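**Q** What follows is a single structure, and I will ask about it in a moment.
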Amino acid sequence: MGGSTAVYIDGYNLYYGRIRGTRYKWVDLVSLFDGVVRKQAPDSQVEVVRYFSAFCLANFATHGTDSTEAQNRYLRVHEMKHGPRFCKTMGTHTHDRCGVSMPRYVEGARFNRRDRVKVWRLDEKQTDVNIALAMYRDALSGRFSQLVICSNDSDVEPVLRAIREDFPGIRIGVITPRPPPESGTRSHRNVMSSLSKHADWTRSHIHDEELEACQLPSRIHTGKRPLVKPDHW
C-alpha cells in the first residue's frame, strides 16, 4: 500500500549521482518522481516533493554567474508550475578562504600524509539535517502513509531508522540516484544497504527514458519575461 506520499530529494546526491554529464538537467522533478514512485507502489499519490540543496557559489561554479542564474531559474519554474506540490529548502556552502591542506593523491603510490597540497574545499551545510527534520515532522503529522527518500547518503540512515521504530505503520521507499547497469555508464556509487535495510522498497537506479520523458519545456511563459532553459544545460 502506498497512499498519500511525500518525496524528499537530496539535490546534491541526485545531481552528482545521476544528472551530471547528461542532457537531462532540465528535468521536471515532480513529474519524474510521481512516475517513479507509482511504478514501485501503483496506489501512491505524491502530494508533495521536497527538494533540499544549497545555492551554488558563482566563484566556484563552472559557468560563474550563469550557473547561479540557471539554478534560480530552474527552481522558479518548479514553484510556478507545481505550486505547493514543490517545496525547496536551501542550506549553505562554506569554504576556508585560506585553503585546506590535504594529502596528495599519486597514482599507484601509498597514502603519504606528509605529502600535502592546499586545495579549495567546498562543503554543503544543513542539507542532511533539513531532510531529517522534514521527514520526521511529516511522519509525526500523520498526513502521509508513505515517505520516499531520493538519496544514497548514509547520513540520512538515522532518520529512516527512527521513523521505522517510532512510526511502524508508515511505508518507506528509497530511490538511489544512479544510472542503470545496462546504460553503459559506470557509477562510482553502490546502493547503500544502510538505507535499504529500513525501506519497504528500494529502487536502485533511474532510467534515461524516465529522465527524458520528464523534461520541462524549453521556454515557459510567465506573463512577464519567459523562463528559458539555460544554453549550457
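In the C-alpha cells, chains take letters A, B, ... by order of appearance, with residues numbered from 1 within each chain and ligands from 1 in the order shown.
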I'd like the neighbourhood of Pro158 of chain A as a list of chain:residue names, where a residue qualifies if any of its atoms comes within 10 Å (using only C-alpha atoms), though same-chain residues fewer than 3 positions away should be ignored.
**A** A:Ala132, A:Ser154, A:Asp155, A:Arg161, A:Ala162, A:Ile163, A:Arg164, A:Ser194, A:Leu195, A:His198
**Q** With N, CA and C atoms retained, write the just-selected residues as a PDB file, in the first residue's frame.
**A**
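The result, stored in result.pdb:
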ATOM      1  N   ALA A 132      16.259  15.349   7.497  1.00  0.00           N
ATOM      2  CA  ALA A 132      15.834  14.567   8.664  1.00  0.00           C
ATOM      3  C   ALA A 132      14.681  15.244   9.393  1.00  0.00           C
ATOM      4  N   SER A 154      24.556   7.850   3.444  1.00  0.00           N
ATOM      5  CA  SER A 154      24.297   7.139   4.699  1.00  0.00           C
ATOM      6  C   SER A 154      23.962   8.082   5.844  1.00  0.00           C
ATOM      7  N   ASP A 155      24.171   9.381   5.675  1.00  0.00           N
ATOM      8  CA  ASP A 155      23.853  10.334   6.737  1.00  0.00           C
ATOM      9  C   ASP A 155      22.357  10.414   7.028  1.00  0.00           C
ATOM     10  N   ARG A 161      15.794   5.035  10.373  1.00  0.00           N
ATOM     11  CA  ARG A 161      15.693   4.094  11.488  1.00  0.00           C
ATOM     12  C   ARG A 161      14.703   4.597  12.532  1.00  0.00           C
ATOM     13  N   ALA A 162      14.766   5.912  12.825  1.00  0.00           N
ATOM     14  CA  ALA A 162      13.869   6.482  13.827  1.00  0.00           C
ATOM     15  C   ALA A 162      12.407   6.402  13.381  1.00  0.00           C
ATOM     16  N   ILE A 163      12.155   6.688  12.103  1.00  0.00           N
ATOM     17  CA  ILE A 163      10.781   6.613  11.593  1.00  0.00           C
ATOM     18  C   ILE A 163      10.282   5.171  11.606  1.00  0.00           C
ATOM     19  N   ARG A 164      11.146   4.247  11.231  1.00  0.00           N
ATOM     20  CA  ARG A 164      10.757   2.841  11.255  1.00  0.00           C
ATOM     21  C   ARG A 164      10.398   2.391  12.671  1.00  0.00           C
ATOM     22  N   SER A 194      22.688   0.536   4.250  1.00  0.00           N
ATOM     23  CA  SER A 194      22.235   1.161   5.497  1.00  0.00           C
ATOM     24  C   SER A 194      20.918   1.892   5.304  1.00  0.00           C
ATOM     25  N   LEU A 195      20.602   2.295   4.069  1.00  0.00           N
ATOM     26  CA  LEU A 195      19.308   2.918   3.778  1.00  0.00           C
ATOM     27  C   LEU A 195      18.269   1.859   3.411  1.00  0.00           C
ATOM     28  N   HIS A 198      16.122  -0.261   5.925  1.00  0.00           N
ATOM     29  CA  HIS A 198      14.993   0.337   6.636  1.00  0.00           C
ATOM     30  C   HIS A 198      13.777   0.553   5.719  1.00  0.00           C
TER      31      HIS A 198
END
**Q** Counting only C-alpha atoms, what is within 12 Å of Gly169 of chain A, bar same-chain residues fewer than 6 positions away, as a list in words?
**A**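 Counting only C-alpha atoms, the residues come to Met1, Gly2, Gly3, Ala139, Leu140, Gly142, Phe144, Ser145, Gln146, Leu147, Ile163 and Asp200 of chain A.
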**Q** Taking only segment 108-191 of chain A into account, list the residues labelled helix (DSSP H, G or I) by DSSP (computed from the backbone), as a PyMOL selection string.
**A** chain A and resi 127-141+154-166+181-183
**Q** With a distance cut-off of 8 Å and only C-alpha atoms, select the neighbouring residues of segment 25-31 of chain A, excluding the residue or stretch itself and same-chain residues fewer than 2 positions from it, and output the selection as a list of chain:residue names.
**A** A:Ile19, A:Arg20, A:Thr22, A:Arg23, A:Phe33, A:Asp34, A:Gly35, A:Val49, A:Tyr74, A:His78, A:His82, A:Arg85, A:Phe86, A:Leu211, A:Glu212, A:Cys214, A:Gln215, A:Leu216, A:Lys229, A:Trp233
**Q** Using only C-alpha atoms, which protein or nucleic acid residues come within 6 Å of Gly17 of chain A? Drop anything in the same chain fewer than 2 positions from it, and give the result as JSON, numbers by chain.
**A** {"A": [13, 14, 15, 177, 178]}
**Q** Any chance you could export the current selection's N, CA, C and O atoms as a PDB file, in the first residue's frame?
**A**
ATOM      1  N   ASN A  13      23.017  14.864  -4.131  1.00  0.00           N
ATOM      2  CA  ASN A  13      23.121  13.442  -4.460  1.00  0.00           C
ATOM      3  C   ASN A  13      22.528  13.144  -5.833  1.00  0.00           C
ATOM      4  O   ASN A  13      23.096  12.382  -6.611  1.00  0.00           O
ATOM      5  N   LEU A  14      21.363  13.723  -6.102  1.00  0.00           N
ATOM      6  CA  LEU A  14      20.711  13.481  -7.382  1.00  0.00           C
ATOM      7  C   LEU A  14      21.560  14.008  -8.533  1.00  0.00           C
ATOM      8  O   LEU A  14      21.749  13.329  -9.547  1.00  0.00           O
ATOM      9  N   TYR A  15      22.099  15.221  -8.373  1.00  0.00           N
ATOM     10  CA  TYR A  15      22.860  15.824  -9.463  1.00  0.00           C
ATOM     11  C   TYR A  15      24.138  15.031  -9.749  1.00  0.00           C
ATOM     12  O   TYR A  15      24.402  14.637 -10.888  1.00  0.00           O
ATOM     13  N   PRO A 177      19.875   7.544  -6.667  1.00  0.00           N
ATOM     14  CA  PRO A 177      20.150   8.309  -7.890  1.00  0.00           C
ATOM     15  C   PRO A 177      21.392   7.782  -8.614  1.00  0.00           C
ATOM     16  O   PRO A 177      22.480   8.347  -8.530  1.00  0.00           O
ATOM     17  N   ARG A 178      21.201   6.672  -9.338  1.00  0.00           N
ATOM     18  CA  ARG A 178      22.275   6.047 -10.092  1.00  0.00           C
ATOM     19  C   ARG A 178      21.757   5.673 -11.477  1.00  0.00           C
ATOM     20  O   ARG A 178      20.575   5.419 -11.652  1.00  0.00           O
TER      21      ARG A 178
END
**Q** Pick the closest to Ile206 of chain A from A:Cys56, A:Ala70, A:Val36, A:Ile131: which is it, counting only C-alpha atoms?
**A**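 Using only C-alpha atoms, the shortest distance to Ile206 of chain A belongs to A:Val36.
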**Q** When DSSP works through the backbone of this structure, what residues of segment 16-221 of chain A end up as strand (DSSP E or B), shown as a compact mmCIF listing (two decimals) with C-alpha atoms, in the first residue's frame?
**A**
# COMPACT_ATOMS: atom_id res chain seq x y z
CA VAL A 27 14.10 17.64 -15.63
CA SER A 44 0.70 6.01 -4.39
CA GLN A 45 -0.44 9.62 -4.59
CA VAL A 46 2.50 12.01 -4.43
CA GLU A 47 1.20 15.02 -2.52
CA VAL A 48 4.47 16.94 -2.18
CA VAL A 49 8.05 16.80 -3.45
CA ARG A 50 10.52 18.40 -1.05
CA TYR A 51 13.85 19.44 -2.58
CA PHE A 52 16.95 20.04 -0.45
CA SER A 53 20.16 21.63 -1.66
CA ALA A 54 22.22 24.82 -1.36
CA PHE A 86 7.03 21.52 -4.81
CA CYS A 87 8.85 22.85 -1.75
CA LYS A 88 12.51 23.80 -1.63
CA THR A 89 14.70 24.06 1.46
CA MET A 90 18.11 25.55 0.79
CA GLY A 91 21.16 25.27 3.01
CA THR A 92 24.51 26.98 2.55
CA HIS A 93 28.00 26.39 1.21
CA THR A 94 31.10 27.11 3.26
CA HIS A 95 34.78 27.18 2.36
CA VAL A 100 42.78 23.41 3.28
CA SER A 101 45.91 21.26 3.39
CA MET A 102 45.10 17.77 2.10
CA PRO A 103 47.25 14.70 1.32
CA ARG A 116 50.26 17.69 1.13
CA VAL A 117 48.81 20.36 -1.14
CA LYS A 118 46.44 23.21 -0.42
CA VAL A 119 43.01 22.99 -2.03
CA LEU A 122 33.62 23.49 -0.60
CA ASP A 123 31.16 21.96 1.88
CA GLU A 124 27.38 21.90 1.66
CA LYS A 125 25.85 22.55 5.06
CA GLN A 146 4.41 6.76 2.68
CA LEU A 147 7.72 8.66 2.76
CA VAL A 148 10.19 8.29 -0.12
CA ILE A 149 13.79 9.50 0.00
CA CYS A 150 15.95 10.02 -3.09
CA ARG A 171 5.79 2.85 4.44
CA ILE A 172 9.35 3.91 3.48
CA GLY A 173 10.76 3.95 -0.05
CA VAL A 174 14.34 4.61 -1.17
CA ILE A 175 15.28 5.75 -4.68
CA TRP A 201 11.02 -0.97 -1.22
CA THR A 202 14.18 0.25 -2.94
CA ARG A 203 14.69 1.48 -6.50
CA GLN A 215 11.94 17.27 -19.42
CA ARG A 219 10.54 28.07 -22.85
CA ILE A 220 7.93 28.66 -20.17
